[in-house]
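Asker: Got a structure for you, run.tsv, holding TSV, C-alpha atoms.
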chain	number	residue	atom	x	y	z
A	1	MET	CA	-6.30	7.46	-49.08
A	2	ASN	CA	-4.46	10.38	-47.49
A	3	CYS	CA	-3.45	11.09	-43.89
A	4	SER	CA	-6.69	12.89	-43.13
A	5	SER	CA	-9.01	10.18	-44.43
A	6	LEU	CA	-6.88	7.49	-42.81
A	7	GLN	CA	-7.73	8.91	-39.38
A	8	HIS	CA	-11.25	7.52	-39.75
A	9	TYR	CA	-9.87	4.01	-40.23
A	10	LEU	CA	-6.72	3.76	-38.14
A	11	SER	CA	-8.30	2.60	-34.88
A	12	ALA	CA	-10.56	0.13	-36.68
A	13	TYR	CA	-7.51	-1.15	-38.57
A	14	HIS	CA	-5.66	-1.57	-35.30
A	15	ASP	CA	-8.65	-3.49	-33.89
A	16	ASP	CA	-8.93	-5.70	-36.99
A	17	GLU	CA	-12.44	-4.40	-37.65
A	18	LEU	CA	-12.04	-3.31	-41.27
A	19	ALA	CA	-13.30	-5.00	-44.42
A	20	PRO	CA	-10.48	-6.53	-46.53
A	21	ASP	CA	-10.57	-3.76	-49.16
A	22	GLU	CA	-10.42	-1.01	-46.52
A	23	ARG	CA	-7.64	-2.86	-44.79
A	24	ALA	CA	-5.63	-3.05	-48.00
A	25	GLU	CA	-6.05	0.69	-48.55
A	26	VAL	CA	-4.86	1.48	-45.05
A	27	GLU	CA	-1.87	-0.82	-45.43
A	28	ALA	CA	-0.94	0.79	-48.74
A	29	HIS	CA	-0.96	4.22	-47.08
A	30	LEU	CA	0.98	3.03	-44.04
A	31	GLU	CA	3.75	1.68	-46.22
A	32	SER	CA	4.42	5.13	-47.61
A	33	CYS	CA	3.66	7.36	-44.60
A	34	GLU	CA	5.96	7.38	-41.62
A	35	HIS	CA	3.71	9.72	-39.66
A	36	CYS	CA	0.67	7.43	-39.79
A	37	ALA	CA	2.81	4.33	-39.22
A	38	ALA	CA	4.20	5.99	-36.09
A	39	LYS	CA	0.70	6.76	-34.89
A	40	LEU	CA	-0.30	3.13	-35.38
A	41	ALA	CA	2.81	2.04	-33.49
A	42	ALA	CA	1.76	4.32	-30.61
A	43	PHE	CA	-1.74	2.76	-30.61
A	44	ARG	CA	-0.16	-0.68	-30.45
A	45	GLU	CA	2.10	0.31	-27.59
A	46	ILE	CA	-0.82	1.77	-25.64
A	47	SER	CA	-2.78	-1.46	-26.21
A	48	ARG	CA	0.17	-3.54	-25.10
A	49	VAL	CA	0.46	-1.66	-21.82
A	50	ALA	CA	-3.34	-1.59	-21.36
A	51	ALA	CA	-3.35	-5.39	-21.57
A	52	GLU	CA	-1.04	-5.43	-18.57
A	53	LEU	CA	-3.24	-3.25	-16.40
A	54	HIS	CA	-4.63	-4.99	-13.42
A	55	ASP	CA	-6.59	-4.01	-10.37
A	56	PRO	CA	-4.35	-3.98	-7.32
A	57	ALA	CA	-5.86	-5.48	-4.19
A	58	ALA	CA	-7.40	-3.02	-1.74
A	59	PRO	CA	-4.97	-2.46	1.12
A	60	LEU	CA	-5.93	-3.78	4.52
A	61	GLY	CA	-8.08	-1.35	6.46
A	62	MET	CA	-9.22	0.73	3.48
A	63	TRP	CA	-12.83	-0.47	3.49
A	64	GLU	CA	-13.07	-0.01	7.25
A	65	GLU	CA	-11.86	3.58	6.86
A	66	ILE	CA	-14.40	4.26	4.11
A	67	GLN	CA	-17.13	2.91	6.37
A	68	ALA	CA	-15.91	5.03	9.28
A	69	LYS	CA	-15.83	8.15	7.07
A	70	LEU	CA	-19.37	7.47	5.90
A	71	GLN	CA	-20.50	7.19	9.48
A	72	ARG	CA	-18.75	10.43	10.42
A	73	GLU	CA	-20.25	12.20	7.44
A	74	ARG	CA	-22.75	14.80	8.49
A	75	ARG	CA	-23.34	16.70	5.29
A	76	THR	CA	-26.38	15.76	3.24
A	77	PRO	CA	-26.08	17.40	-0.21
A	78	TYR	CA	-29.33	15.92	-1.50
A	79	GLY	CA	-31.37	16.60	1.64
A	80	TRP	CA	-31.71	12.92	2.42
A	81	ARG	CA	-31.45	13.44	6.17
A	82	ASN	CA	-34.83	12.68	7.65
A	83	ALA	CA	-36.65	14.67	10.32
A	84	ALA	CA	-34.93	12.82	13.16
A	85	GLY	CA	-31.50	13.59	11.66
A	86	SER	CA	-30.81	10.00	10.74
A	87	LEU	CA	-28.33	9.24	7.95
A	88	ALA	CA	-29.72	5.75	7.48
A	89	PRO	CA	-31.02	6.21	3.90
A	90	ARG	CA	-27.70	7.62	2.74
A	91	ARG	CA	-25.75	4.91	4.47
A	92	LEU	CA	-28.03	2.34	2.88
A	93	LEU	CA	-27.35	3.78	-0.56
A	94	ALA	CA	-23.63	3.90	0.13
A	95	THR	CA	-23.67	0.28	1.24
A	96	ALA	CA	-25.67	-0.68	-1.85
A	97	ALA	CA	-23.14	1.16	-4.02
A	98	LEU	CA	-20.25	-0.65	-2.35
A	99	VAL	CA	-21.99	-4.01	-2.83
A	100	PHE	CA	-22.64	-3.13	-6.49
A	101	VAL	CA	-19.00	-2.18	-7.01
A	102	ALA	CA	-17.82	-5.36	-5.27
A	103	ILE	CA	-20.10	-7.58	-7.36
A	104	ALA	CA	-19.16	-5.77	-10.57
A	105	ALA	CA	-15.47	-6.10	-9.71
A	106	ALA	CA	-15.81	-9.79	-8.89
A	107	LEU	CA	-17.75	-10.45	-12.09
A	108	GLY	CA	-15.27	-8.40	-14.07
A	109	ILE	CA	-12.23	-10.21	-12.69
A	110	TRP	CA	-13.83	-13.64	-13.19
A	111	ARG	CA	-15.09	-12.84	-16.66
A	112	TYR	CA	-11.83	-11.19	-17.64
A	113	SER	CA	-9.98	-14.35	-16.69
A	114	SER	CA	-12.34	-16.74	-18.50
A	115	ASP	CA	-12.60	-14.49	-21.56
A	116	GLU	CA	-8.83	-14.13	-21.73
A	117	HIS	CA	-8.47	-17.92	-21.81
A	118	ARG	CA	-11.22	-18.28	-24.38
A	119	GLN	CA	-9.57	-15.72	-26.66
A	120	MET	CA	-6.22	-17.41	-26.25
A	121	GLY	CA	-7.87	-20.73	-27.19
A	122	ILE	CA	-9.41	-19.15	-30.29
A	123	ALA	CA	-6.12	-17.60	-31.43
A	124	PHE	CA	-4.15	-20.78	-30.80
A	125	ASN	CA	-6.76	-22.87	-32.58
A	126	ARG	CA	-6.38	-20.65	-35.65
A	127	PHE	CA	-2.62	-21.18	-35.42
A	128	LEU	CA	-3.06	-24.97	-35.21
A	129	GLU	CA	-5.51	-25.07	-38.11
A	130	GLU	CA	-2.98	-23.34	-40.36
A	131	PHE	CA	0.19	-24.89	-39.02
A	132	ASN	CA	0.51	-28.11	-41.02
A	133	ALA	CA	-0.55	-26.66	-44.37
A	134	ASN	CA	1.12	-23.27	-44.06
A	135	PRO	CA	3.42	-22.79	-41.06
A	136	ALA	CA	4.41	-19.29	-42.16
A	137	ALA	CA	0.77	-18.13	-42.25
A	138	ALA	CA	0.16	-19.80	-38.89
A	139	GLN	CA	3.15	-17.99	-37.47
A	140	ARG	CA	1.84	-14.64	-38.71
A	141	ILE	CA	-1.37	-15.23	-36.72
A	142	LEU	CA	0.55	-15.61	-33.47
A	143	LEU	CA	2.93	-12.74	-34.21
A	144	ALA	CA	0.05	-10.38	-34.98
A	145	LYS	CA	-2.04	-11.46	-32.01
A	146	TYR	CA	0.73	-11.46	-29.42
A	147	GLU	CA	3.07	-8.74	-30.65
A	148	GLY	CA	5.67	-11.35	-31.44
A	149	ARG	CA	9.09	-10.39	-32.67
A	150	GLN	CA	12.03	-12.37	-33.87
A	151	VAL	CA	15.00	-12.51	-31.53
A	152	SER	CA	18.38	-14.19	-31.29
A	153	THR	CA	18.88	-16.74	-28.53
A	154	ALA	CA	20.94	-14.17	-26.63
A	155	GLU	CA	18.17	-11.55	-26.92
A	156	ALA	CA	15.58	-14.11	-25.82
A	157	ALA	CA	17.70	-15.01	-22.80
A	158	HIS	CA	18.09	-11.33	-21.92
A	159	GLU	CA	14.38	-10.59	-22.27
A	160	LEU	CA	13.08	-13.71	-20.56
A	161	ARG	CA	15.81	-13.91	-17.93
A	162	TYR	CA	16.37	-17.57	-18.72
A	163	HIS	CA	18.08	-19.47	-21.54
A	164	PRO	CA	15.49	-20.99	-23.86
A	165	ARG	CA	15.90	-24.70	-24.29
A	166	LEU	CA	17.35	-25.93	-27.56
A	167	PRO	CA	17.71	-29.54	-28.68
A	168	ALA	CA	20.80	-31.04	-27.08
A	169	GLN	CA	20.89	-34.31	-28.95
A	170	GLY	CA	18.85	-36.58	-31.17
A	171	PRO	CA	17.16	-35.76	-34.46
A	172	THR	CA	18.55	-33.13	-36.78
A	173	LEU	CA	16.58	-29.94	-36.36
A	174	GLN	CA	17.52	-26.72	-38.09
A	175	LEU	CA	16.58	-23.65	-36.11
A	176	GLU	CA	14.79	-21.25	-38.47
A	177	GLY	CA	13.68	-18.58	-36.07
A	178	MET	CA	13.10	-17.71	-32.45
A	179	TYR	CA	10.30	-15.38	-31.34
A	180	VAL	CA	9.18	-13.78	-28.10
A	181	LEU	CA	5.38	-13.65	-27.73
A	182	GLN	CA	3.56	-11.43	-25.24
A	183	MET	CA	0.82	-13.90	-24.42
A	184	PRO	CA	-1.78	-13.20	-21.71
A	185	CYS	CA	-0.58	-16.21	-19.73
A	186	CYS	CA	3.09	-15.24	-19.81
A	187	LYS	CA	5.85	-13.94	-22.02
A	188	CYS	CA	6.87	-17.06	-23.89
A	189	VAL	CA	9.51	-18.01	-26.41
A	190	GLU	CA	8.71	-19.95	-29.56
A	191	SER	CA	11.31	-21.63	-31.77
A	192	LEU	CA	10.63	-22.89	-35.28
A	193	TYR	CA	12.68	-25.77	-36.62
A	194	ARG	CA	12.96	-27.36	-40.05
A	195	GLN	CA	12.77	-31.14	-39.64
A	196	GLN	CA	14.55	-33.74	-41.77
A	197	ASP	CA	11.36	-34.51	-43.70
A	198	GLY	CA	10.97	-30.82	-44.59
A	199	THR	CA	8.10	-30.15	-42.19
A	200	THR	CA	8.14	-27.50	-39.49
A	201	LEU	CA	8.26	-28.08	-35.76
A	202	ALA	CA	7.24	-25.33	-33.34
A	203	VAL	CA	8.47	-25.44	-29.76
A	204	PHE	CA	7.09	-23.10	-27.10
A	205	GLU	CA	8.62	-22.59	-23.68
A	206	HIS	CA	6.24	-21.12	-21.12
A	207	ASP	CA	5.82	-20.63	-17.38
A	208	ASP	CA	2.70	-22.74	-16.76
A	209	GLU	CA	0.77	-25.53	-18.39
A	210	GLU	CA	-1.70	-23.98	-20.84
A	211	PRO	CA	-4.58	-26.37	-21.62
A	212	ALA	CA	-6.47	-23.30	-22.94
A	213	TRP	CA	-4.26	-23.42	-26.04
A	214	PHE	CA	-5.89	-26.71	-27.05
A	215	SER	CA	-9.30	-26.05	-25.56
A	216	GLU	CA	-11.33	-27.36	-28.50
A	217	ARG	CA	-9.31	-30.48	-29.21
A	218	PRO	CA	-9.48	-33.92	-27.60
A	219	ALA	CA	-6.38	-34.64	-25.55
A	220	ILE	CA	-4.87	-37.55	-23.69
A	221	ARG	CA	-2.30	-37.80	-20.96
A	222	ALA	CA	0.50	-40.29	-21.49
A	223	HIS	CA	3.94	-41.07	-20.14
A	224	CYS	CA	6.76	-40.69	-22.65
A	225	ASN	CA	10.10	-41.99	-21.36
A	226	GLY	CA	8.49	-41.91	-17.92
A	227	VAL	CA	7.62	-38.19	-18.21
A	228	PRO	CA	3.91	-37.28	-18.07
A	229	ALA	CA	2.82	-35.40	-21.19
A	230	HIS	CA	-0.38	-33.88	-22.51
A	231	LEU	CA	-0.90	-35.02	-26.14
A	232	VAL	CA	-3.21	-33.48	-28.73
A	233	GLN	CA	-3.92	-34.55	-32.29
A	234	VAL	CA	-3.43	-31.68	-34.78
A	235	ASP	CA	-4.59	-32.92	-38.18
A	236	ASN	CA	-2.16	-35.74	-39.00
A	237	ARG	CA	0.45	-34.48	-36.55
A	238	LEU	CA	0.81	-34.36	-32.77
A	239	ALA	CA	1.29	-31.62	-30.22
A	240	ALA	CA	2.67	-32.35	-26.78
A	241	THR	CA	3.18	-30.41	-23.55
A	242	TRP	CA	5.36	-31.54	-20.68
A	243	LYS	CA	7.20	-30.05	-17.76
A	244	CYS	CA	10.86	-29.52	-18.52
A	245	GLY	CA	12.94	-28.11	-15.68
A	246	GLN	CA	11.19	-25.13	-14.10
A	247	ARG	CA	8.97	-24.43	-17.10
A	248	TYR	CA	6.81	-26.21	-19.67
A	249	LEU	CA	7.60	-27.06	-23.27
A	250	THR	CA	4.94	-27.45	-25.93
A	251	LEU	CA	5.86	-28.84	-29.32
A	252	VAL	CA	3.60	-28.80	-32.37
A	253	GLY	CA	4.25	-30.83	-35.51
A	254	ALA	CA	5.54	-34.24	-34.38
A	255	ARG	CA	4.87	-37.17	-36.74
A	256	ASP	CA	3.91	-39.74	-34.13
A	257	LEU	CA	4.28	-40.78	-30.52
A	258	ASN	CA	7.75	-42.19	-31.11
A	259	GLN	CA	8.95	-38.84	-32.39
A	260	VAL	CA	7.33	-37.05	-29.45
A	261	ALA	CA	9.33	-39.28	-27.10
A	262	GLU	CA	12.49	-38.68	-29.13
A	263	LEU	CA	11.99	-34.91	-29.11
A	264	MET	CA	11.18	-34.83	-25.42
A	265	HIS	CA	14.41	-36.64	-24.75
A	266	CYS	CA	16.44	-34.29	-26.90
A	267	PHE	CA	14.96	-31.13	-25.32
A	268	GLU	CA	15.39	-32.54	-21.82
A	269	GLY	CA	19.14	-32.39	-22.37
A	270	SER	CA	20.45	-28.95	-21.54
A	271	PRO	CA	19.45	-25.35	-21.90
A	272	ALA	CA	20.58	-23.09	-24.73
A	273	HIS	CA	23.74	-21.71	-23.23
A	274	SER	CA	25.34	-25.16	-23.26
A	275	SER	CA	23.85	-26.64	-26.42
A	276	GLN	CA	23.33	-25.90	-30.07
A	277	ALA	CA	20.51	-26.40	-32.49
A	278	ARG	CA	21.65	-28.47	-35.39
B	1	MET	CA	-24.58	-15.73	-17.64
B	2	ALA	CA	-20.87	-15.80	-18.54
B	3	ASP	CA	-21.47	-18.48	-21.17
B	4	ASP	CA	-24.37	-16.61	-22.74
B	5	ARG	CA	-22.60	-14.19	-25.09
B	6	SER	CA	-25.83	-12.51	-26.09
B	7	SER	CA	-26.36	-11.17	-22.56
B	8	ARG	CA	-22.90	-9.57	-22.38
B	9	PRO	CA	-23.81	-6.27	-24.09
B	10	TRP	CA	-26.85	-5.93	-21.81
B	11	PHE	CA	-24.71	-6.47	-18.74
B	12	TYR	CA	-22.05	-4.03	-19.91
B	13	ARG	CA	-24.64	-1.44	-20.81
B	14	LEU	CA	-26.15	-1.68	-17.34
B	15	THR	CA	-22.75	-1.46	-15.69
B	16	VAL	CA	-21.42	1.36	-17.87
B	17	ASN	CA	-24.59	3.43	-17.41
B	18	GLU	CA	-24.42	2.97	-13.64
B	19	CYS	CA	-20.74	3.92	-13.57
B	20	LEU	CA	-21.21	7.00	-15.79
B	21	GLN	CA	-24.13	8.16	-13.64
B	22	PHE	CA	-21.99	7.63	-10.56
B	23	LEU	CA	-19.18	9.72	-12.08
B	24	ARG	CA	-21.59	12.53	-13.02
B	25	ARG	CA	-23.01	12.59	-9.49
B	26	GLU	CA	-19.51	12.40	-8.03
B	27	ARG	CA	-18.56	15.69	-9.74
B	28	ARG	CA	-21.26	17.46	-7.73
B	29	GLN	CA	-20.37	15.88	-4.40
B	30	PRO	CA	-17.66	16.79	-1.89
B	31	ARG	CA	-14.72	14.39	-1.87
B	32	GLU	CA	-12.81	12.77	0.94
B	33	GLN	CA	-9.13	11.98	0.52
B	34	LEU	CA	-7.88	8.52	1.47
B	35	ALA	CA	-4.21	8.19	2.36
B	36	TYR	CA	-3.85	4.75	0.75
B	37	GLU	CA	-1.61	3.66	-2.06
B	38	PRO	CA	-2.20	0.60	-4.22
B	39	ASP	CA	-0.33	-2.53	-3.20
B	40	ASP	CA	3.41	-2.45	-3.75
B	41	ARG	CA	4.48	-3.41	-7.28
B	42	SER	CA	8.14	-2.56	-6.85
B	43	ALA	CA	9.24	-6.11	-7.66
B	44	GLU	CA	8.18	-5.58	-11.27
B	45	LYS	CA	10.48	-4.30	-14.00
B	46	PRO	CA	10.80	-0.49	-13.75
B	47	ASP	CA	9.84	0.23	-17.37
B	48	ALA	CA	6.71	-1.91	-17.34
B	49	LEU	CA	5.72	-0.49	-13.97
B	50	GLN	CA	6.31	3.08	-15.08
B	51	HIS	CA	4.39	2.70	-18.32
B	52	ARG	CA	1.40	1.15	-16.58
B	53	GLU	CA	1.35	3.91	-14.00
B	54	LEU	CA	1.57	6.58	-16.69
B	55	LEU	CA	-1.28	4.94	-18.60
B	56	GLU	CA	-3.39	4.80	-15.44
B	57	ARG	CA	-2.73	8.50	-14.85
B	58	ALA	CA	-3.62	9.35	-18.44
B	59	LEU	CA	-6.78	7.25	-18.24
B	60	ALA	CA	-7.79	9.11	-15.09
B	61	GLN	CA	-7.69	12.37	-17.08
B	62	LEU	CA	-9.63	11.01	-20.03
B	63	ASP	CA	-13.31	11.80	-20.50
B	64	PRO	CA	-15.31	8.98	-18.81
B	65	GLU	CA	-17.17	8.12	-22.01
B	66	LEU	CA	-13.91	7.72	-23.92
B	67	ARG	CA	-12.38	5.84	-21.01
B	68	SER	CA	-15.25	3.35	-20.87
B	69	VAL	CA	-15.13	2.55	-24.59
B	70	PHE	CA	-11.34	2.18	-24.43
B	71	LEU	CA	-11.36	-0.14	-21.42
B	72	LEU	CA	-14.23	-2.25	-22.70
B	73	ARG	CA	-12.27	-2.76	-25.90
B	74	GLU	CA	-8.78	-3.21	-24.49
B	75	ILE	CA	-9.45	-5.03	-21.24
B	76	GLU	CA	-12.74	-6.79	-21.91
B	77	GLY	CA	-12.06	-7.46	-25.59
B	78	LEU	CA	-15.50	-6.46	-26.87
B	79	SER	CA	-15.93	-6.25	-30.65
B	80	TYR	CA	-17.23	-3.03	-32.23
B	81	LYS	CA	-20.66	-4.65	-32.62
B	82	GLU	CA	-20.72	-5.62	-28.94
B	83	LEU	CA	-19.47	-2.16	-27.93
B	84	ALA	CA	-22.22	-0.52	-29.98
B	85	GLU	CA	-24.85	-2.64	-28.23
B	86	ALA	CA	-23.32	-2.14	-24.80
B	87	LEU	CA	-23.05	1.65	-25.14
B	88	GLY	CA	-26.21	2.25	-27.18
B	89	ILE	CA	-24.34	3.88	-30.07
B	90	VAL	CA	-23.69	2.96	-33.70
B	91	GLU	CA	-20.50	1.18	-34.74
B	92	GLY	CA	-19.21	4.26	-36.54
B	93	THR	CA	-19.38	6.17	-33.25
B	94	VAL	CA	-17.54	3.32	-31.54
B	95	ALA	CA	-14.73	3.68	-34.08
B	96	SER	CA	-14.54	7.47	-33.75
B	97	ARG	CA	-14.64	7.35	-29.93
B	98	LEU	CA	-11.90	4.74	-29.82
B	99	HIS	CA	-9.82	6.83	-32.19
B	100	ARG	CA	-10.34	9.92	-30.02
B	101	ALA	CA	-9.59	7.94	-26.87
B	102	ARG	CA	-6.31	6.61	-28.25
B	103	THR	CA	-5.27	9.92	-29.75
B	104	GLU	CA	-5.99	11.80	-26.51
B	105	LEU	CA	-4.23	9.10	-24.49
B	106	GLN	CA	-1.21	9.45	-26.74
B	107	GLU	CA	-1.16	13.21	-26.15
B	108	LEU	CA	-1.67	12.83	-22.40
B	109	LEU	CA	1.10	10.24	-22.20
B	110	ARG	CA	3.46	12.57	-24.06
B	111	GLU	CA	2.62	15.35	-21.61
B	112	LEU	CA	3.45	12.91	-18.82
B	113	GLY	CA	6.86	12.31	-20.37
B	114	TRP	CA	6.37	9.03	-22.25
B	115	GLU	CA	7.61	9.52	-25.80
B	116	LEU	CA	5.38	7.32	-27.93
Can you present the structure in this file as structure tokens?
Answerer:
Amino acid sequence: MNCSSLQHYLSAYHDDELAPDERAEVEAHLESCEHCAAKLAAFREISRVAAELHDPAAPLGMWEEIQAKLQRERRTPYGWRNAAGSLAPRRLLATAALVFVAIAAALGIWRYSSDEHRQMGIAFNRFLEEFNANPAAAQRILLAKYEGRQVSTAEAAHELRYHPRLPAQGPTLQLEGMYVLQMPCCKCVESLYRQQDGTTLAVFEHDDEEPAWFSERPAIRAHCNGVPAHLVQVDNRLAATWKCGQRYLTLVGARDLNQVAELMHCFEGSPAHSSQAR
Amino acid sequence: MADDRSSRPWFYRLTVNECLQFLRRERRQPREQLAYEPDDRSAEKPDALQHRELLERALAQLDPELRSVFLLREIEGLSYKELAEALGIVEGTVASRLHRARTELQELLRELGWEL
């Protein structure tokens, strides 16, 4: 594959719409071609910004002014004015158009929101399905989906404008990596820890509770050390979400309820700038 | 209807056709200027704000057919199969239009001063 033939595949590669063999060919070319890799990076950046586009609310008075302008309108480019000079048919069409736009906008906003949560649930479910057997592969799913990148704790604090929580006390956890994810719900930080038994623990810090992440899985609410938590079974491990300070923490990969309580206690301690992962 | 995925392409096709027809008619009609700005977003980070505004300006200059396929993909998250059904085109055309849309957006954004 050369640069010219790659152009037919680059967008589809970016959208994850290629067959595995085509994908492999594109990747082989991208590894050796800075020009095409830069173009792909530009596509990704455009998509990232496009995902942040939103419809600003109409300012107060705008609709009234549109209505007033329609009423003042005297020109009839399609000859719709009737014999008595009435603009009623045109006004009716204009009103119908406004109603159509309003309904389409309302449907779009509602559907966008529900679809966004559904897609987040699908992506997170794929992450959970992989996590216990192959945490590295699971991590790649999130990084690819949410433009994740590895950061130091200082970089995370700079980007998020808060210090990510790290374990202050309790079980020995070895911090293996910290990542910032551009999720639709918020920009969140994920930390991966190696536990004493060799398994991996993922800890997410996010702005709001995100039940959409576990949409397909049965969940219970329980109090751990007096703190309400949302618990989900993930294969033979547990995930838990609870409010910690001004934000929420979600951990994935706890052995049992006792360990969830222990981990909650150790993350409740103090934020990163005054603690260390061990 | 939102839970019935099979009806989504039909709904998008209806909406996109209506919007494209509206845009074609609009080109032939006189325009009125409205002295309104979108709601204030100045509390947001300058870079994110600037990039979004530049993308909105570039999108406004993009051909409506390219704009619709781009937005249905990026904002609505339609797959190529769903886009093909919604727009009444084959999947290969979806891929080529998306590629054109992104390439032209990249050029427009560079002209607007965003080095991608």
Asker: Counting all atoms listed in the file, write as a PyMOL selection string all protein and nucleic acid residues lying at most 7 Å from (15.4, -20.7, -24.7) in the file's frame.
Answerer: chain A and resi 153+156-157+162-166+189+271-272
Asker: Please determine the residues with any atom at most 12 Å from (-5.4, 4.8, -41.4) (coordinates as given in the file, with all atoms listed in the file counting) and report them as a PyMOL selection string.
Answerer: (chain A and resi 1-16+18+22-41+43) or (chain B and resi 95+99)
Asker: Taking all atoms listed in the file into account, name the residue in A:Ile66, A:Leu201, A:Cys266, A:Ala144 that is nearest to chain B.
Answerer: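 Answer, going by the shortest atom-to-atom distance: A:Ile66.
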Asker: Take atom CA of A:Asn134 and atom CA of A:Phe214 and report the distance between them in Å, one decimal.
Answerer: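 Taking atom CA of A:Asn134 and atom CA of A:Phe214, their separation equals 18.7 Å.
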Asker: How many Å lie between atom CA of B:Trp114 and atom CA of A:Ala154, rounded to one decimal?
Answerer: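 Taking atom CA of B:Trp114 as the start and atom CA of A:Ala154 as the end point, the length is 27.7 Å.
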Asker: Choose the residue, out of A:Asn125, A:Gly253, A:Leu143, A:Val151, that has the smallest atom-to-atom separation from A:Tyr193; count only C-alpha atoms.
Answerer: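 Among the listed residues, A:Gly253 lies closest to A:Tyr193.
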Asker: Measuring between only C-alpha atoms, which one of B:Asp63, B:Glu85, B:Glu111, B:Glu91 shows the shortest distance to chain A?
Answerer: B:Glu91
Asker: Please identify all polymer residues within 10 Å of B:Arg67, counting all atoms listed in the file, omitting same-chain residues fewer than 2 positions from it, and present them as a list in words.
Answerer: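 Using all atoms listed in the file, the neighbours found are Ala58, Leu59, Ala60, Gln61, Leu62, Asp63, Pro64, Glu65, Val69, Phe70, Leu71, Leu72, Arg73, Arg97, Leu98, Ala101, Arg102 and Leu105 of chain B.
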Asker: Provide the atom CA of A:Thr199 to atom CA of A:Ala133 distance in Å, to one decimal place.
Answerer: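 About the pair atom CA of A:Thr199 and atom CA of A:Ala133: they are 9.6 Å apart.
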Asker: Between B:Arg100, B:Leu116, B:Ile89, B:Lys81, which residue has the minimum interatomic distance to chain A, considering all atoms listed in the file?
Answerer: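 Among B:Arg100, B:Leu116, B:Ile89, B:Lys81, it is B:Leu116 that comes nearest to chain A.
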Asker: Determine the nearest neighbour of A:Asp197 from the options A:Gln174, A:His265, A:Ala138, A:Gly245, counting all atoms listed in the file.
Answerer: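 Selected residue with least distance to A:Asp197: A:Gln174.
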Asker: Can you work out which one of A:Arg48, A:Arg149, A:Arg126, A:Arg221 has the shortest atom-to-atom distance to A:Ser191, counting only C-alpha atoms?
Answerer: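 Closest residue, counting only C-alpha atoms: A:Arg149.
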Asker: Would you mind completing stretch 152-156 of chain A to all heavy atoms and writing the output as a CSV table (one decimal), in the frame of the given file?
Answerer:
chain,number,residue,atom,x,y,z
A,152,SER,N,17.3,-13.2,-31.3
A,152,SER,CA,18.4,-14.2,-31.3
A,152,SER,C,18.2,-14.9,-30.0
A,152,SER,O,17.5,-14.5,-29.1
A,152,SER,CB,19.7,-13.5,-31.4
A,152,SER,OG,19.9,-12.7,-30.2
A,153,THR,N,19.0,-16.0,-29.8
A,153,THR,CA,18.9,-16.7,-28.5
A,153,THR,C,19.4,-15.9,-27.4
A,153,THR,O,18.9,-15.9,-26.3
A,153,THR,CB,19.7,-18.1,-28.6
A,153,THR,OG1,21.0,-17.8,-29.1
A,153,THR,CG2,19.0,-19.1,-29.5
A,154,ALA,N,20.4,-15.0,-27.7
A,154,ALA,CA,20.9,-14.2,-26.6
A,154,ALA,C,19.9,-13.1,-26.2
A,154,ALA,O,19.7,-12.8,-25.0
A,154,ALA,CB,22.2,-13.5,-27.1
A,155,GLU,N,19.2,-12.6,-27.2
A,155,GLU,CA,18.2,-11.6,-26.9
A,155,GLU,C,17.0,-12.2,-26.2
A,155,GLU,O,16.5,-11.6,-25.2
A,155,GLU,CB,17.6,-10.9,-28.2
A,155,GLU,CG,18.6,-10.0,-28.9
A,155,GLU,CD,18.2,-9.6,-30.3
A,155,GLU,OE1,17.4,-10.4,-31.0
A,155,GLU,OE2,18.7,-8.6,-30.8
A,156,ALA,N,16.7,-13.4,-26.5
A,156,ALA,CA,15.6,-14.1,-25.8
A,156,ALA,C,16.0,-14.3,-24.4
A,156,ALA,O,15.2,-14.1,-23.4
A,156,ALA,CB,15.3,-15.4,-26.5
